[in-house]
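Shown below: start.txt, with compact mmCIF, N, CA and C atoms.
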```
# COMPACT_ATOMS: atom_id res chain seq x y z
N MET A 1 111.68 121.59 92.96
CA MET A 1 111.68 120.56 93.98
C MET A 1 111.07 119.27 93.41
N ASN A 2 111.67 118.16 93.71
CA ASN A 2 111.29 116.87 93.17
C ASN A 2 110.48 116.09 94.21
N PHE A 3 109.56 115.23 93.77
CA PHE A 3 108.77 114.44 94.71
C PHE A 3 109.61 113.39 95.43
N LEU A 4 110.77 113.05 94.86
CA LEU A 4 111.64 112.02 95.40
C LEU A 4 112.88 112.67 96.00
N GLU A 5 113.13 112.40 97.27
CA GLU A 5 114.28 113.00 97.95
C GLU A 5 115.16 111.89 98.50
N LYS A 6 116.43 111.93 98.11
CA LYS A 6 117.38 110.91 98.54
C LYS A 6 117.98 111.28 99.89
N GLN A 7 117.90 110.37 100.86
CA GLN A 7 118.54 110.59 102.15
C GLN A 7 119.88 109.87 102.20
N SER A 8 119.92 108.66 101.65
CA SER A 8 121.17 107.90 101.55
C SER A 8 121.06 107.02 100.30
N ASP A 9 122.04 106.13 100.10
CA ASP A 9 122.01 105.27 98.92
C ASP A 9 120.82 104.32 98.93
N THR A 10 120.27 104.03 100.12
CA THR A 10 119.19 103.05 100.21
C THR A 10 117.88 103.63 100.76
N ILE A 11 117.88 104.87 101.20
CA ILE A 11 116.68 105.47 101.81
C ILE A 11 116.24 106.69 101.01
N TYR A 12 114.96 106.69 100.64
CA TYR A 12 114.36 107.80 99.90
C TYR A 12 113.07 108.23 100.58
N PHE A 13 112.72 109.51 100.40
CA PHE A 13 111.44 110.04 100.86
C PHE A 13 110.63 110.41 99.62
N ILE A 14 109.33 110.11 99.67
CA ILE A 14 108.42 110.44 98.58
C ILE A 14 107.32 111.33 99.13
N ARG A 15 107.13 112.51 98.53
CA ARG A 15 106.02 113.41 98.88
C ARG A 15 104.87 113.10 97.94
N LEU A 16 103.70 112.87 98.53
CA LEU A 16 102.57 112.54 97.69
C LEU A 16 101.26 113.07 98.25
N ASN A 17 100.30 113.14 97.35
CA ASN A 17 98.93 113.53 97.68
C ASN A 17 98.04 112.37 97.25
N VAL A 18 97.15 111.96 98.15
CA VAL A 18 96.30 110.80 97.88
C VAL A 18 94.88 111.26 97.56
N LYS A 19 94.33 110.72 96.49
CA LYS A 19 92.93 110.92 96.12
C LYS A 19 92.23 109.59 96.32
N THR A 20 91.32 109.52 97.28
CA THR A 20 90.65 108.27 97.59
C THR A 20 89.34 108.13 96.83
N ASN A 21 88.79 106.94 96.88
CA ASN A 21 87.48 106.64 96.28
C ASN A 21 87.47 106.90 94.77
N SER A 22 88.59 106.60 94.10
CA SER A 22 88.69 106.77 92.65
C SER A 22 88.22 105.49 91.96
N LYS A 23 87.94 105.59 90.67
CA LYS A 23 87.50 104.41 89.93
C LYS A 23 88.65 103.43 89.70
N THR A 24 89.86 103.94 89.48
CA THR A 24 91.03 103.08 89.25
C THR A 24 92.23 103.62 90.01
N GLN A 25 93.22 102.76 90.20
CA GLN A 25 94.48 103.19 90.80
C GLN A 25 95.33 103.84 89.71
N ALA A 26 96.01 104.93 90.08
CA ALA A 26 96.91 105.60 89.14
C ALA A 26 97.92 106.42 89.91
N ILE A 27 99.07 106.65 89.28
CA ILE A 27 100.12 107.50 89.86
C ILE A 27 100.42 108.59 88.84
N VAL A 28 100.34 109.86 89.27
CA VAL A 28 100.57 111.00 88.39
C VAL A 28 101.68 111.86 88.99
N ASN A 29 102.66 112.22 88.18
CA ASN A 29 103.77 113.07 88.63
C ASN A 29 103.37 114.53 88.47
N ASN A 30 103.32 115.26 89.59
CA ASN A 30 103.02 116.70 89.55
C ASN A 30 104.25 117.53 89.86
N GLY A 31 105.43 116.99 89.62
CA GLY A 31 106.67 117.73 89.83
C GLY A 31 107.16 117.64 91.27
N SER A 32 106.62 118.47 92.15
CA SER A 32 107.10 118.50 93.53
C SER A 32 106.42 117.45 94.41
N PHE A 33 105.40 116.78 93.87
CA PHE A 33 104.76 115.68 94.61
C PHE A 33 104.08 114.74 93.63
N LEU A 34 103.75 113.55 94.10
CA LEU A 34 102.99 112.59 93.30
C LEU A 34 101.54 112.67 93.72
N THR A 35 100.64 112.47 92.78
CA THR A 35 99.23 112.27 93.12
C THR A 35 98.94 110.80 92.86
N ILE A 36 98.45 110.13 93.90
CA ILE A 36 98.13 108.72 93.79
C ILE A 36 96.63 108.55 93.98
N PHE A 37 96.00 107.97 92.99
CA PHE A 37 94.56 107.71 93.03
C PHE A 37 94.34 106.30 93.56
N LEU A 38 93.52 106.19 94.61
CA LEU A 38 93.24 104.90 95.24
C LEU A 38 91.74 104.62 95.18
N THR A 39 91.38 103.36 95.11
CA THR A 39 89.97 102.99 95.02
C THR A 39 89.31 102.92 96.40
N SER A 40 90.10 102.77 97.46
CA SER A 40 89.55 102.66 98.81
C SER A 40 89.06 104.00 99.34
N LYS A 41 88.14 103.92 100.29
CA LYS A 41 87.72 105.11 101.03
C LYS A 41 88.62 105.25 102.25
N PRO A 42 88.79 106.47 102.74
CA PRO A 42 89.68 106.68 103.90
C PRO A 42 88.99 106.30 105.22
N ILE A 43 88.51 105.08 105.29
CA ILE A 43 87.82 104.59 106.48
C ILE A 43 88.60 103.41 107.03
N GLN A 44 88.81 103.40 108.34
CA GLN A 44 89.51 102.31 109.03
C GLN A 44 90.86 102.01 108.40
N ASN A 45 91.57 103.05 107.99
CA ASN A 45 92.94 102.93 107.48
C ASN A 45 93.03 102.16 106.15
N ARG A 46 91.91 101.96 105.46
CA ARG A 46 91.91 101.19 104.21
C ARG A 46 92.75 101.85 103.12
N ALA A 47 92.64 103.17 103.00
CA ALA A 47 93.39 103.87 101.95
C ALA A 47 94.90 103.78 102.20
N ASN A 48 95.33 103.92 103.44
CA ASN A 48 96.77 103.79 103.74
C ASN A 48 97.27 102.38 103.43
N LYS A 49 96.47 101.38 103.74
CA LYS A 49 96.85 99.99 103.44
C LYS A 49 96.94 99.78 101.94
N GLU A 50 95.98 100.34 101.19
CA GLU A 50 96.03 100.22 99.73
C GLU A 50 97.25 100.94 99.17
N LEU A 51 97.57 102.11 99.73
CA LEU A 51 98.75 102.87 99.30
C LEU A 51 100.02 102.05 99.51
N ILE A 52 100.16 101.46 100.68
CA ILE A 52 101.35 100.65 100.97
C ILE A 52 101.42 99.45 100.04
N ASN A 53 100.30 98.79 99.79
CA ASN A 53 100.29 97.65 98.88
C ASN A 53 100.64 98.05 97.45
N LEU A 54 100.16 99.22 97.01
CA LEU A 54 100.47 99.71 95.68
C LEU A 54 101.97 100.00 95.55
N LEU A 55 102.54 100.70 96.53
CA LEU A 55 103.97 101.01 96.49
C LEU A 55 104.81 99.73 96.58
N LYS A 56 104.37 98.81 97.41
CA LYS A 56 105.06 97.53 97.56
C LYS A 56 105.12 96.79 96.23
N ARG A 57 103.99 96.76 95.54
CA ARG A 57 103.90 96.06 94.25
C ARG A 57 104.74 96.78 93.18
N LYS A 58 104.62 98.10 93.12
CA LYS A 58 105.33 98.88 92.09
C LYS A 58 106.85 98.82 92.27
N LEU A 59 107.30 98.92 93.53
CA LEU A 59 108.74 98.99 93.81
C LEU A 59 109.36 97.62 94.07
N ASN A 60 108.52 96.58 94.12
CA ASN A 60 109.00 95.22 94.34
C ASN A 60 109.78 95.10 95.66
N ILE A 61 109.18 95.62 96.73
CA ILE A 61 109.77 95.55 98.06
C ILE A 61 108.71 95.03 99.03
N SER A 62 109.12 94.75 100.26
CA SER A 62 108.14 94.29 101.25
C SER A 62 107.52 95.49 101.97
N SER A 63 106.38 95.26 102.57
CA SER A 63 105.66 96.36 103.21
C SER A 63 106.40 96.92 104.42
N ASN A 64 107.27 96.13 105.05
CA ASN A 64 108.01 96.67 106.19
C ASN A 64 109.13 97.62 105.77
N GLN A 65 109.36 97.79 104.47
CA GLN A 65 110.33 98.75 103.96
C GLN A 65 109.67 100.10 103.64
N ILE A 66 108.37 100.20 103.87
CA ILE A 66 107.60 101.41 103.58
C ILE A 66 107.05 101.95 104.90
N GLN A 67 107.28 103.23 105.15
CA GLN A 67 106.81 103.84 106.39
C GLN A 67 106.17 105.19 106.09
N ILE A 68 104.97 105.41 106.63
CA ILE A 68 104.32 106.71 106.50
C ILE A 68 104.88 107.59 107.62
N ILE A 69 105.71 108.56 107.25
CA ILE A 69 106.35 109.45 108.22
C ILE A 69 105.37 110.48 108.74
N SER A 70 104.65 111.12 107.83
CA SER A 70 103.64 112.11 108.25
C SER A 70 102.45 112.03 107.31
N GLY A 71 101.29 112.40 107.83
CA GLY A 71 100.09 112.45 107.03
C GLY A 71 99.27 111.18 107.04
N SER A 72 99.38 110.38 108.08
CA SER A 72 98.63 109.12 108.09
C SER A 72 97.12 109.35 108.10
N LYS A 73 96.68 110.55 108.53
CA LYS A 73 95.25 110.84 108.54
C LYS A 73 94.87 112.00 107.62
N THR A 74 95.80 112.39 106.75
CA THR A 74 95.53 113.47 105.80
C THR A 74 95.85 113.00 104.38
N LYS A 75 95.52 113.83 103.40
CA LYS A 75 95.77 113.48 102.00
C LYS A 75 97.22 113.71 101.60
N ASP A 76 97.90 114.66 102.25
CA ASP A 76 99.31 114.93 101.96
C ASP A 76 100.16 114.06 102.86
N LYS A 77 101.05 113.27 102.25
CA LYS A 77 101.83 112.30 103.01
C LYS A 77 103.31 112.40 102.66
N LEU A 78 104.13 112.00 103.62
CA LEU A 78 105.56 111.83 103.41
C LEU A 78 105.85 110.37 103.71
N ILE A 79 106.38 109.67 102.71
CA ILE A 79 106.63 108.23 102.80
C ILE A 79 108.14 108.00 102.79
N LYS A 80 108.60 107.14 103.70
CA LYS A 80 110.01 106.73 103.72
C LYS A 80 110.10 105.33 103.13
N ILE A 81 110.97 105.19 102.12
CA ILE A 81 111.20 103.91 101.47
C ILE A 81 112.63 103.48 101.76
N SER A 82 112.79 102.30 102.33
CA SER A 82 114.12 101.76 102.64
C SER A 82 114.39 100.56 101.73
N PHE A 83 115.36 100.69 100.88
CA PHE A 83 115.74 99.59 99.98
C PHE A 83 116.86 98.78 100.63
N LEU A 84 116.99 97.53 100.23
CA LEU A 84 118.01 96.66 100.81
C LEU A 84 119.38 96.89 100.20
N GLU A 85 119.42 97.44 98.99
CA GLU A 85 120.70 97.74 98.35
C GLU A 85 120.62 99.09 97.65
N ASN A 86 121.76 99.59 97.22
CA ASN A 86 121.81 100.89 96.55
C ASN A 86 120.90 100.90 95.34
N ILE A 87 120.21 102.03 95.15
CA ILE A 87 119.31 102.17 94.01
C ILE A 87 119.32 103.64 93.56
N GLU A 88 119.22 103.86 92.28
CA GLU A 88 119.25 105.21 91.73
C GLU A 88 117.82 105.76 91.60
N GLU A 89 117.71 107.09 91.62
CA GLU A 89 116.41 107.76 91.49
C GLU A 89 115.68 107.35 90.22
N GLU A 90 116.40 107.29 89.12
CA GLU A 90 115.77 106.96 87.83
C GLU A 90 115.16 105.57 87.84
N VAL A 91 115.78 104.63 88.54
CA VAL A 91 115.25 103.27 88.63
C VAL A 91 113.94 103.29 89.42
N ILE A 92 113.89 104.05 90.50
CA ILE A 92 112.68 104.16 91.30
C ILE A 92 111.55 104.78 90.46
N LYS A 93 111.86 105.83 89.72
CA LYS A 93 110.85 106.47 88.86
C LYS A 93 110.34 105.50 87.80
N ASP A 94 111.25 104.71 87.22
CA ASP A 94 110.82 103.71 86.23
C ASP A 94 109.86 102.71 86.85
N PHE A 95 110.17 102.24 88.06
CA PHE A 95 109.29 101.30 88.76
C PHE A 95 107.92 101.92 89.02
N LEU A 96 107.89 103.18 89.46
CA LEU A 96 106.63 103.82 89.82
C LEU A 96 105.73 104.06 88.62
N PHE A 97 106.32 104.44 87.50
CA PHE A 97 105.51 104.85 86.35
C PHE A 97 105.31 103.80 85.28
N ASN A 98 105.92 102.61 85.46
CA ASN A 98 105.68 101.58 84.45
C ASN A 98 104.34 100.94 84.69
N ASN A 99 103.75 100.36 83.66
CA ASN A 99 102.46 99.70 83.79
C ASN A 99 102.67 98.27 84.24
N ASP A 100 101.77 97.81 85.09
CA ASP A 100 101.88 96.44 85.62
C ASP A 100 101.76 95.40 84.54
```

Rewrite the coordinates I just gave you, this time as structure tokens.
Amino acid sequence: MNFLEKQSDTIYFIRLNVKTNSKTQAIVNNGSFLTIFLTSKPIQNRANKELINLLKRKLNISSNQIQIISGSKTKDKLIKISFLENIEEEVIKDFLFNND
């Protein structure tokens, strides 16, 4: 099972696990899910906001194209990403794992 699931040509779901209060931001591929290290603490929705900003920056999309489907208050999350045009899985993976 892959962390990235294609629903249509423009919509993908990402399964991830969030580690908060880390020293640096990082994205690690664990096969069936991503582990994302965030510097924020999970207080007042700060970690979710940091997660959305990180994905927005990595994927070069706006924040309204990112939706937390499940897990807004837990470490395991399902994220829906809506792209404006067709995009391939490999392109998304390249965006996620390249260095800024």

**Item:** Surrounding residues of segment 35-38 of chain A excluding itself and chain neighbours under 3 positions, 7 Å, only N, CA and C atoms, as a PyMOL selection string
**Value:** chain A and resi 15-30+41+47+50-51

**Message:** Among chain A, which residues does DSSP mark as strand (DSSP E or B) when it is run on the backbone? Keep the chain and numbering as in the structure and answer as a PyMOL selection string.
**Reply:** chain A and resi 4-6+11-19+26-29+34-37+66-70+76-82

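The smallest atom-to-atom distance between Ser32 of chain A and any of A:Ile14, A:Ile79, A:Glu90, A:Ile61, using only N, CA and C atoms, is found for A:Ile14.
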
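Interatomic distance, atom CA of Leu59 of chain A against atom CA of Glu88 of chain A: 12.4 Å.
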
**Message:** So that I can check the secondary structure, give me every residue of segment 9-50 of chain A assigned alpha helix (DSSP H) by backbone DSSP, as a PyMOL selection string.
**Reply:** chain A and resi 46-50

**Request:** Anything within 6.5 Å of (111.5, 114.6, 95.9): list those residues as number ranges by chain, counting all atoms listed in the file and sticking to the file's coordinates.
**Result:** A: 1-6, 13-15, 32

**Request:** Compare A:Asn60, A:Gln65, A:Ile92, A:Arg46 by their minimum atom-to-atom distance to Lys80 of chain A, counting all atoms listed in the file, and give me the closest one.
**Result:** A:Gln65

**Request:** Could you check how far atom CA of Tyr12 of chain A sits from atom N of Lys75 of chain A, in Å to one decimal?
**Result:** 20.1 Å

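Pairwise distance (atom CA of Thr74 of chain A, atom CA of Asn48 of chain A) equals 10.0 Å.
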
For segment 6-9 of chain A, I'd like the enclosing box, axis-aligned and padded by 4 Å on every side, reported as lines of an AutoDock Vina configuration file with centre and edge lengths in Å to one decimal.
```
center_x = 119.2
center_y = 108.1
center_z = 100.2
size_x = 13.6
size_y = 15.6
size_z = 12.1
```
